[in-house]
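Engineer: First, the structure itself, so that you have it in front of you.
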Amino acid sequence: MKRNTEFDIAVLGGGSGGYAAARTAAAAGKKVVVIDGAAELGGLCILRGCMPSKALIESANRNLVVREAAKFGIEVTSSKVNTETVIERKRRLIKEFSDYRSEQMQDGRFELIRGHATFKDPHTLEVQLKDGGSTMVTAKTFIIATGSSVFVPDIPGLHEHGYLTSDDVLDMVDAPDSLVVLGGGAIALEMAHYFEAIDKQVTVIQRSGHLLTGMDVDLADELETALTSRTMKIECDTRLLRVEKTPDGKKRVVYEKGGVETFVDADAILAATGRKPNTINLGADAANIELNSQGGVVVGLDMQSSVSHIFSCGDVCSPYEIVHIAIEQGELAAENAIKFIEKECDFGKIDYRLKLYGIFTDPQVAAVGMTEIEASAAGREVIVETHPFNDHGKSMIHGSKHGFVKLIGDAKTKEILGGSVVGPEAAELIHEIVVAMAFHSTAGQLAKIPHYHPTLSEIWTYPAEEIADA
Ligand SMILES: Cc1cc2nc3c(=O)[nH]c(=O)nc-3n(C[C@H](O)[C@H](O)[C@H](O)COP(=O)(O)OP(=O)(O)OC[C@H]3O[C@@H](n4cnc5c(N)ncnc54)[C@H](O)[C@@H]3O)c2cc1C
Ligand SMILES: NC(=O)c1ccc[n+]([C@@H]2O[C@H](COP(=O)([O-])OP(=O)(O)OC[C@H]3O[C@@H](n4cnc5c(N)ncnc54)[C@H](O)[C@@H]3O)[C@@H](O)[C@H]2O)c1
């Protein structure tokens with residue numbers, strides 16, 4: 001069936017990026033359609049990303065408190081993790097979040113079509129409808145927000161002997177007693193933290209020389225020290241060779257480290273080696289959309305693709321697979337698509353100066369702005385100061401043994417260029433630096449802002465004073 005309506009903007013994908021784009025364009029009075037091919041509405045963050053992972057981690061963190069209780073004078077005579085209740089709680093929360101998003105997607109501000117969209121030409125989509133059949137959609141502009149999927153490397157024996165992905169473990173009632181996690185990024189470490197904290201045996205096998213490729217090594221090393229001070233094992237600088245089955249039915253991951261072949265056995269393997277952009281069956285060729293070597297949509301800072309009326313946002317095109325960035329990109333893509341329709345050419349550009357990153361392990365890791373690696377790659381002259389949590393009153397009371405805060409300031413102006421934390425409540429603490437950086441604060445200005453005593457937050461004043469006085 002051919003539709004007659006031409007939309008101003010057709011948004012492909014209704015996750016965090018696509019929804020942000022659609023609500024922005026609809027609020028500006030444009031005729032918008034969102035086409036989403038998922039079985040359920042909600043997008044990755046709500047259904048199989050941020051929210052379910054944090055719900056599980058919240059339960060696991062309670063068990064860590066129980067584990068440490070004796071040190072604080074609390075005798076816990078018996079405790080047991082009930083994964084059925086953990087998963088039940090997660091399902092309840094996710095249903096609430098996805099029901100709300102589903103209502104927002106269907107409240108009439110824009111049209112919603114449930115189905116998989118494929119470009120037939122630069123102005124036409126064919127949609128294979130979820131309930132059967134197909135329809136055609138034409139629009140003046142398009143926003144591709146189709147997200148990403150798990151990427152599993154081709155390791156001999158892995159597919160044959162079986163593996164889990166984050167999609168599986170986020171809804172797993174029967175948790176394996178032992179787990180090998182392949183990868184050392186955010187997903188690998190958050191899931192490794194969850195399983196270790198619910199008393200499972202976990203080994204992380206990371207290819208790079210340190211965890212969290214791309215982050216500053218001092219942060220990654222501090223996290224590794226903290227995680228391995230629990231029962232977790234971490235192997236970095238490895239090369240995965242193959243997966244085998246042992247005579248007693250376990251999975252054996254064989255890898256090379258320092259030129260020596262070694263292995264680890266476990267009940268299950270979690271593949272957490274990254275994600276890939278969802279551009280398969282998108283019809284990028286039919287619309288002349290340029291893709292990069294990983295299959296991602298190539299965009300400029302204005303979120304415009306190689307085709308002038310086609311924009312993109314979120315994991316499918318982003319250098320950072322992070323929700324607040326997908327949302328900001330979605331809003332900008334919509335604003336620029338509107339400008340394209342109205343023949344205005346002063347497109348807005350995204351600014352990644354305040355890009356944030358947070359990992360919800362224990363301790364947590366968080367960073368904003370420039371890392372030390374980025375500062376040095378950009379040839380910036382900087383002053384870097386740190387302060388450890390084990391030398392700070394409130395965190396000593398809190399019982400924090402690991403972690404530090406780090407500030408990076410411009411050597412001349414002393415403006416704060418970046419901040420990072422590995423330690424308690426890192427993902428909350430980092431926001432003080434986000435606000436300071438948003439207002440281009442110098443380290444001296446930050447140091448002078450009143451901080452209540454005793455709080456974790458006052459730890460920032462130490463590196464800020466050091467930079468100000470340098
Ligand atoms: C386990 C896990 C934990 C995470 N935790 C965090 C976190 O704590 N903080 C954080 O910031 N980020 C986190 N992320 C990353 C974050 O979830 C993503 O960056 C974000 O959700 C991406 O949003 P999106 O809109 O680009 O894509 P999605 O939300 O994936 O939306 C894309 C939608 O498009 C649909 N689609 C795909 N192809 C088509 C097509 N051709 N036609 C129609 N529809 C299509 C998909 O079905 C989907 O519904 C996590 C990710 C994972 C996997
Ligand atoms: N808290 C958060 O903000 C959060 C949480 C989870 C995911 N995310 C986002 O989701 C995205 C995907 O996360 P991810 O952790 O899957 O990907 P990632 O790219 O961040 O990490 C993948 C890791 O796997 C390693 N790796 C790749 N191939 C390997 C191999 N063959 N053998 C061993 N190790 C290998 C890499 O060195 C890397 O450290 C991230 O970009 C992240 O931004 C964010």
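Letters A, B, ... go to the chains of the structure tokens in the order shown; residues in each chain start at 1; ligands are counted from 1 in the same order.
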Which parts of region 294-403 of chain A does DSSP call alpha helix (DSSP H) when run on the backbone here, written out as a PyMOL selection string?
Structural biologist: chain A and resi 323-341+372-377+393-398
Engineer: Let's have the selection written as a compact mmCIF listing (two decimals), in the first residue's frame, with C-alpha atoms.
Structural biologist:
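Now in part_37.txt:
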```txt
# COMPACT_ATOMS: atom_id res chain seq x y z
CA VAL A 323 22.68 8.15 26.31
CA HIS A 324 23.07 11.84 27.13
CA ILE A 325 25.06 12.20 23.91
CA ALA A 326 22.45 10.29 21.83
CA ILE A 327 19.78 12.67 23.19
CA GLU A 328 21.81 15.82 22.50
CA GLN A 329 22.58 14.55 18.98
CA GLY A 330 18.88 13.71 18.42
CA GLU A 331 17.75 17.20 19.42
CA LEU A 332 20.41 18.78 17.20
CA ALA A 333 19.62 16.49 14.24
CA ALA A 334 15.95 17.56 14.48
CA GLU A 335 16.82 21.27 14.75
CA ASN A 336 19.12 21.04 11.73
CA ALA A 337 16.61 18.97 9.71
CA ILE A 338 14.06 21.75 10.33
CA LYS A 339 16.60 24.35 9.19
CA PHE A 340 17.21 22.26 6.06
CA ILE A 341 13.46 22.24 5.29
CA GLU A 372 45.12 13.24 30.02
CA ILE A 373 45.63 11.14 26.85
CA GLU A 374 43.44 13.55 24.83
CA ALA A 375 45.16 16.62 26.31
CA SER A 376 48.56 15.30 25.33
CA ALA A 377 47.35 14.23 21.85
CA GLY A 393 37.94 12.19 56.06
CA LYS A 394 34.47 11.39 54.72
CA SER A 395 35.64 8.62 52.41
CA MET A 396 37.69 7.07 55.25
CA ILE A 397 34.51 7.05 57.36
CA HIS A 398 32.70 5.60 54.36
```
Engineer: Could you list, as a PyMOL selection string, all the residues within 7 Å of ligand 2, counting only C-alpha atoms and all ligand atoms?
Structural biologist: chain A and resi 49-50+153+182-188+190+205-208+211-213+238-240+272-275+320-322+357-360
Engineer: Mind dumping the selected residues with C-alpha atoms as a PDB file, in the first residue's frame?
Structural biologist:
```pdb
ATOM      1  CA  GLY A  49      21.058  -1.182  28.501  1.00  0.00           C
ATOM      2  CA  CYS A  50      21.493   1.423  31.224  1.00  0.00           C
ATOM      3  CA  PRO A 153      34.312 -11.597  17.446  1.00  0.00           C
ATOM      4  CA  LEU A 182      35.565 -11.414  27.235  1.00  0.00           C
ATOM      5  CA  GLY A 183      36.404  -7.707  26.978  1.00  0.00           C
ATOM      6  CA  GLY A 184      37.335  -5.009  29.462  1.00  0.00           C
ATOM      7  CA  GLY A 185      35.010  -2.134  28.528  1.00  0.00           C
ATOM      8  CA  ALA A 186      32.001  -0.704  30.352  1.00  0.00           C
ATOM      9  CA  ILE A 187      29.640  -3.617  29.691  1.00  0.00           C
ATOM     10  CA  ALA A 188      32.229  -6.273  30.568  1.00  0.00           C
ATOM     11  CA  GLU A 190      29.639  -3.700  34.968  1.00  0.00           C
ATOM     12  CA  ILE A 205      39.980 -11.362  29.769  1.00  0.00           C
ATOM     13  CA  GLN A 206      40.895  -8.071  28.125  1.00  0.00           C
ATOM     14  CA  ARG A 207      42.837  -7.662  24.893  1.00  0.00           C
ATOM     15  CA  SER A 208      44.388  -4.241  25.589  1.00  0.00           C
ATOM     16  CA  LEU A 211      40.947  -2.055  31.221  1.00  0.00           C
ATOM     17  CA  LEU A 212      38.734   0.633  29.668  1.00  0.00           C
ATOM     18  CA  THR A 213      40.616   1.209  26.422  1.00  0.00           C
ATOM     19  CA  THR A 238      45.874 -11.125  26.040  1.00  0.00           C
ATOM     20  CA  ARG A 239      44.988 -12.675  22.692  1.00  0.00           C
ATOM     21  CA  LEU A 240      41.992 -14.987  22.555  1.00  0.00           C
ATOM     22  CA  ALA A 272      31.331  -8.127  25.863  1.00  0.00           C
ATOM     23  CA  THR A 273      33.759  -7.101  23.166  1.00  0.00           C
ATOM     24  CA  GLY A 274      31.837  -4.126  21.828  1.00  0.00           C
ATOM     25  CA  ARG A 275      28.804  -3.247  19.705  1.00  0.00           C
ATOM     26  CA  TYR A 320      30.474   7.809  21.943  1.00  0.00           C
ATOM     27  CA  GLU A 321      27.760   5.241  22.751  1.00  0.00           C
ATOM     28  CA  ILE A 322      26.306   7.163  25.673  1.00  0.00           C
ATOM     29  CA  TYR A 357      31.439   8.705  30.875  1.00  0.00           C
ATOM     30  CA  GLY A 358      30.384   6.639  33.874  1.00  0.00           C
ATOM     31  CA  ILE A 359      30.875   3.027  34.851  1.00  0.00           C
ATOM     32  CA  PHE A 360      28.785   1.600  37.653  1.00  0.00           C
TER      33      PHE A 360
END
```
Engineer: Could you give me the residues within 6 Å of ligand 1, counting only C-alpha atoms and all ligand atoms, as a ChimeraX atom specification?
Structural biologist: /A:12-18,35-38,43-45,48-50,53,115-118,145-148,166,187,278,282,314-316,321-324,326
Engineer: Neighbouring residues of Ile94 (chain A) were defined as those with any atom within 7 Å, considering only C-alpha atoms; residues of the same chain fewer than 6 positions away were excluded. Please report them as a PyMOL selection string.
Structural biologist: chain A and resi 46-47+52
Engineer: Using only C-alpha atoms, which residue out of A:Met105, A:Val297, A:Val243, A:Ile467 lies closest to Ile383 (chain A)?
Structural biologist: A:Ile467
Engineer: Within 10 Å of Asp171 (chain A), counting only C-alpha atoms, which residues qualify if same-chain residues fewer than 3 places away don't, as a PDB file with C-alpha atoms, in the first residue's frame?
Structural biologist:
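Saved as part34.pdb:
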```pdb
ATOM      1  CA  ARG A  48      18.566  -3.897  27.552  1.00  0.00           C
ATOM      2  CA  PRO A  52      18.279  -3.035  33.607  1.00  0.00           C
ATOM      3  CA  SER A  53      22.038  -3.190  34.211  1.00  0.00           C
ATOM      4  CA  LEU A  56      20.845  -5.583  38.814  1.00  0.00           C
ATOM      5  CA  THR A  83      18.427 -14.043  41.721  1.00  0.00           C
ATOM      6  CA  GLU A  84      14.760 -14.733  41.064  1.00  0.00           C
ATOM      7  CA  VAL A  86      16.687  -9.659  41.726  1.00  0.00           C
ATOM      8  CA  ILE A  87      15.401 -10.279  38.192  1.00  0.00           C
ATOM      9  CA  GLU A  88      11.770  -9.877  39.245  1.00  0.00           C
ATOM     10  CA  LYS A  90      14.414  -5.493  37.484  1.00  0.00           C
ATOM     11  CA  ARG A  91      11.493  -6.655  35.317  1.00  0.00           C
ATOM     12  CA  SER A 166      24.503  -8.516  27.858  1.00  0.00           C
ATOM     13  CA  ASP A 167      21.011  -9.049  26.390  1.00  0.00           C
ATOM     14  CA  ASP A 168      20.990 -12.556  27.965  1.00  0.00           C
ATOM     15  CA  ASP A 174      19.826 -18.996  36.795  1.00  0.00           C
ATOM     16  CA  ALA A 175      23.151 -17.231  37.078  1.00  0.00           C
TER      17      ALA A 175
END
```
Engineer: May I have the residues within 7 Å of region 302-304 of chain A as a list of chain:residue names, using only C-alpha atoms and disregarding those fewer than 4 positions away in the same chain?
Structural biologist: A:Ser308, A:Ile310, A:Phe311, A:Ser312, A:Cys313, A:Gln329, A:Ala333, A:Phe347, A:Gly348, A:Lys349, A:Ile350
Engineer: What's the separation between CA of Thr138 (chain A) and CA of Gln294 (chain A), in Å to one decimal place?
Structural biologist: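 Taking CA of Thr138 (chain A) and CA of Gln294 (chain A), their separation equals 27.8 Å.
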Engineer: Tell me, as an MDAnalysis selection string, which residues lie within 12 Å of region 58-70 of chain A, counting only C-alpha atoms; anything in the same chain fewer than 6 positions away does not count.
Structural biologist: chainID A and resid 51:52 76:90 190:200 230:231 360:364 398:400 424
Engineer: Write a file of the just-selected residues containing C-alpha atoms, as a CSV table (one decimal), in the first residue's frame.
Structural biologist:
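Printed below is out_22.csv as written:
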```csv
chain,number,residue,atom,x,y,z
A,51,MET,CA,18.4,0.8,33.3
A,52,PRO,CA,18.3,-3.0,33.6
A,76,VAL,CA,25.1,-10.7,59.6
A,77,THR,CA,24.4,-14.3,60.6
A,78,SER,CA,23.0,-15.5,57.2
A,79,SER,CA,22.5,-14.0,53.8
A,80,LYS,CA,21.7,-15.4,50.4
A,81,VAL,CA,21.3,-13.8,47.0
A,82,ASN,CA,18.0,-14.7,45.4
A,83,THR,CA,18.4,-14.0,41.7
A,84,GLU,CA,14.8,-14.7,41.1
A,85,THR,CA,13.8,-11.7,43.2
A,86,VAL,CA,16.7,-9.7,41.7
A,87,ILE,CA,15.4,-10.3,38.2
A,88,GLU,CA,11.8,-9.9,39.2
A,89,ARG,CA,12.6,-6.4,40.7
A,90,LYS,CA,14.4,-5.5,37.5
A,190,GLU,CA,29.6,-3.7,35.0
A,191,MET,CA,28.5,-7.3,34.4
A,192,ALA,CA,31.7,-8.7,36.0
A,193,HIS,CA,31.0,-6.5,39.0
A,194,TYR,CA,27.4,-7.7,39.2
A,195,PHE,CA,28.3,-11.4,39.0
A,196,GLU,CA,31.2,-11.2,41.5
A,197,ALA,CA,29.1,-9.2,43.9
A,198,ILE,CA,26.4,-11.9,43.9
A,199,ASP,CA,29.1,-14.4,44.9
A,200,LYS,CA,30.0,-15.9,41.5
A,230,ARG,CA,37.6,-8.8,45.7
A,231,THR,CA,37.5,-12.4,44.2
A,360,PHE,CA,28.8,1.6,37.7
A,361,THR,CA,31.2,-0.9,39.1
A,362,ASP,CA,32.4,-0.7,42.8
A,363,PRO,CA,34.3,1.6,42.9
A,364,GLN,CA,32.6,3.5,40.1
A,398,HIS,CA,32.7,5.6,54.4
A,399,GLY,CA,35.3,2.8,54.3
A,400,SER,CA,36.7,3.6,50.8
A,424,PRO,CA,32.6,6.0,45.8
```
Engineer: DSSP on the backbone: which residues in region 114-245 of chain A end up as strand (DSSP E or B)? Give the answer as a VMD selection string.
Structural biologist: chain A and resid 114 to 121 124 to 129 134 to 144 148 to 150 164 178 to 182 201 to 205 233 to 235 238 to 245
Engineer: Save the residues we just selected, C-alpha atoms, as a tab-separated table (two decimals), in the first residue's frame?
Structural biologist:
```tsv
chain	number	residue	atom	x	y	z
A	114	ARG	CA	5.97	-0.34	14.07
A	115	GLY	CA	8.22	-2.01	11.51
A	116	HIS	CA	11.67	-2.23	9.94
A	117	ALA	CA	12.54	0.63	7.56
A	118	THR	CA	14.73	0.28	4.47
A	119	PHE	CA	15.65	3.10	2.08
A	120	LYS	CA	14.47	2.40	-1.46
A	121	ASP	CA	15.77	5.75	-2.74
A	124	THR	CA	11.49	6.81	0.18
A	125	LEU	CA	11.41	4.11	2.84
A	126	GLU	CA	9.80	0.72	2.59
A	127	VAL	CA	8.61	-0.44	6.00
A	128	GLN	CA	8.11	-4.15	6.72
A	129	LEU	CA	5.33	-3.86	9.27
A	134	SER	CA	4.53	-3.36	4.17
A	135	THR	CA	4.06	0.36	3.58
A	136	MET	CA	5.99	3.15	1.88
A	137	VAL	CA	6.96	6.38	3.65
A	138	THR	CA	8.20	9.53	1.96
A	139	ALA	CA	9.63	12.53	3.75
A	140	LYS	CA	11.47	15.78	3.13
A	141	THR	CA	14.16	14.80	5.62
A	142	PHE	CA	15.21	11.69	7.55
A	143	ILE	CA	16.95	11.04	10.86
A	144	ILE	CA	18.65	7.65	11.18
A	148	SER	CA	23.64	-0.70	17.75
A	149	SER	CA	23.78	-4.46	18.37
A	150	VAL	CA	26.18	-6.74	20.20
A	164	LEU	CA	26.02	-15.11	26.55
A	178	SER	CA	31.50	-19.19	37.21
A	179	LEU	CA	31.85	-16.83	34.28
A	180	VAL	CA	34.58	-15.75	31.87
A	181	VAL	CA	33.99	-12.21	30.60
A	182	LEU	CA	35.57	-11.41	27.23
A	201	GLN	CA	33.49	-16.61	40.30
A	202	VAL	CA	34.48	-14.15	37.57
A	203	THR	CA	37.52	-13.87	35.27
A	204	VAL	CA	37.84	-10.91	32.88
A	205	ILE	CA	39.98	-11.36	29.77
A	233	LYS	CA	40.51	-12.21	38.33
A	234	ILE	CA	41.54	-9.87	35.52
A	235	GLU	CA	43.92	-10.67	32.67
A	238	THR	CA	45.87	-11.12	26.04
A	239	ARG	CA	44.99	-12.67	22.69
A	240	LEU	CA	41.99	-14.99	22.56
A	241	LEU	CA	42.86	-18.21	20.72
A	242	ARG	CA	39.87	-20.55	20.95
A	243	VAL	CA	37.04	-21.93	23.04
A	244	GLU	CA	36.82	-25.63	23.89
A	245	LYS	CA	34.58	-27.84	25.96
```
Engineer: Calculate how many Å separate CA of Gly369 (chain A) from CA of Thr225 (chain A), rounding to one decimal.
Structural biologist: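 These atoms are spaced 24.4 Å apart.
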Engineer: Give me the residues within 12 Å of Gly29 (chain A) as number ranges by chain, counting only C-alpha atoms and dropping any in the same chain fewer than 4 places off.
Structural biologist: A: 7-9, 22-25, 109-110, 334-335, 338
Engineer: Looking at A:Phe151, A:Val11, A:Phe404, A:Pro454, which one is nearest to Thr165 (chain A), with distances taken over only C-alpha atoms?
Structural biologist: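 Looking at the shortest contact to Thr165 (chain A), the residue is A:Phe151.
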Engineer: Let me make sure I understand: among A:Pro277, A:Gly300, A:Gly283, A:Gly403, which one has the smallest atom-to-atom distance to Glu224 (chain A) if we use only C-alpha atoms?
Structural biologist: A:Gly403
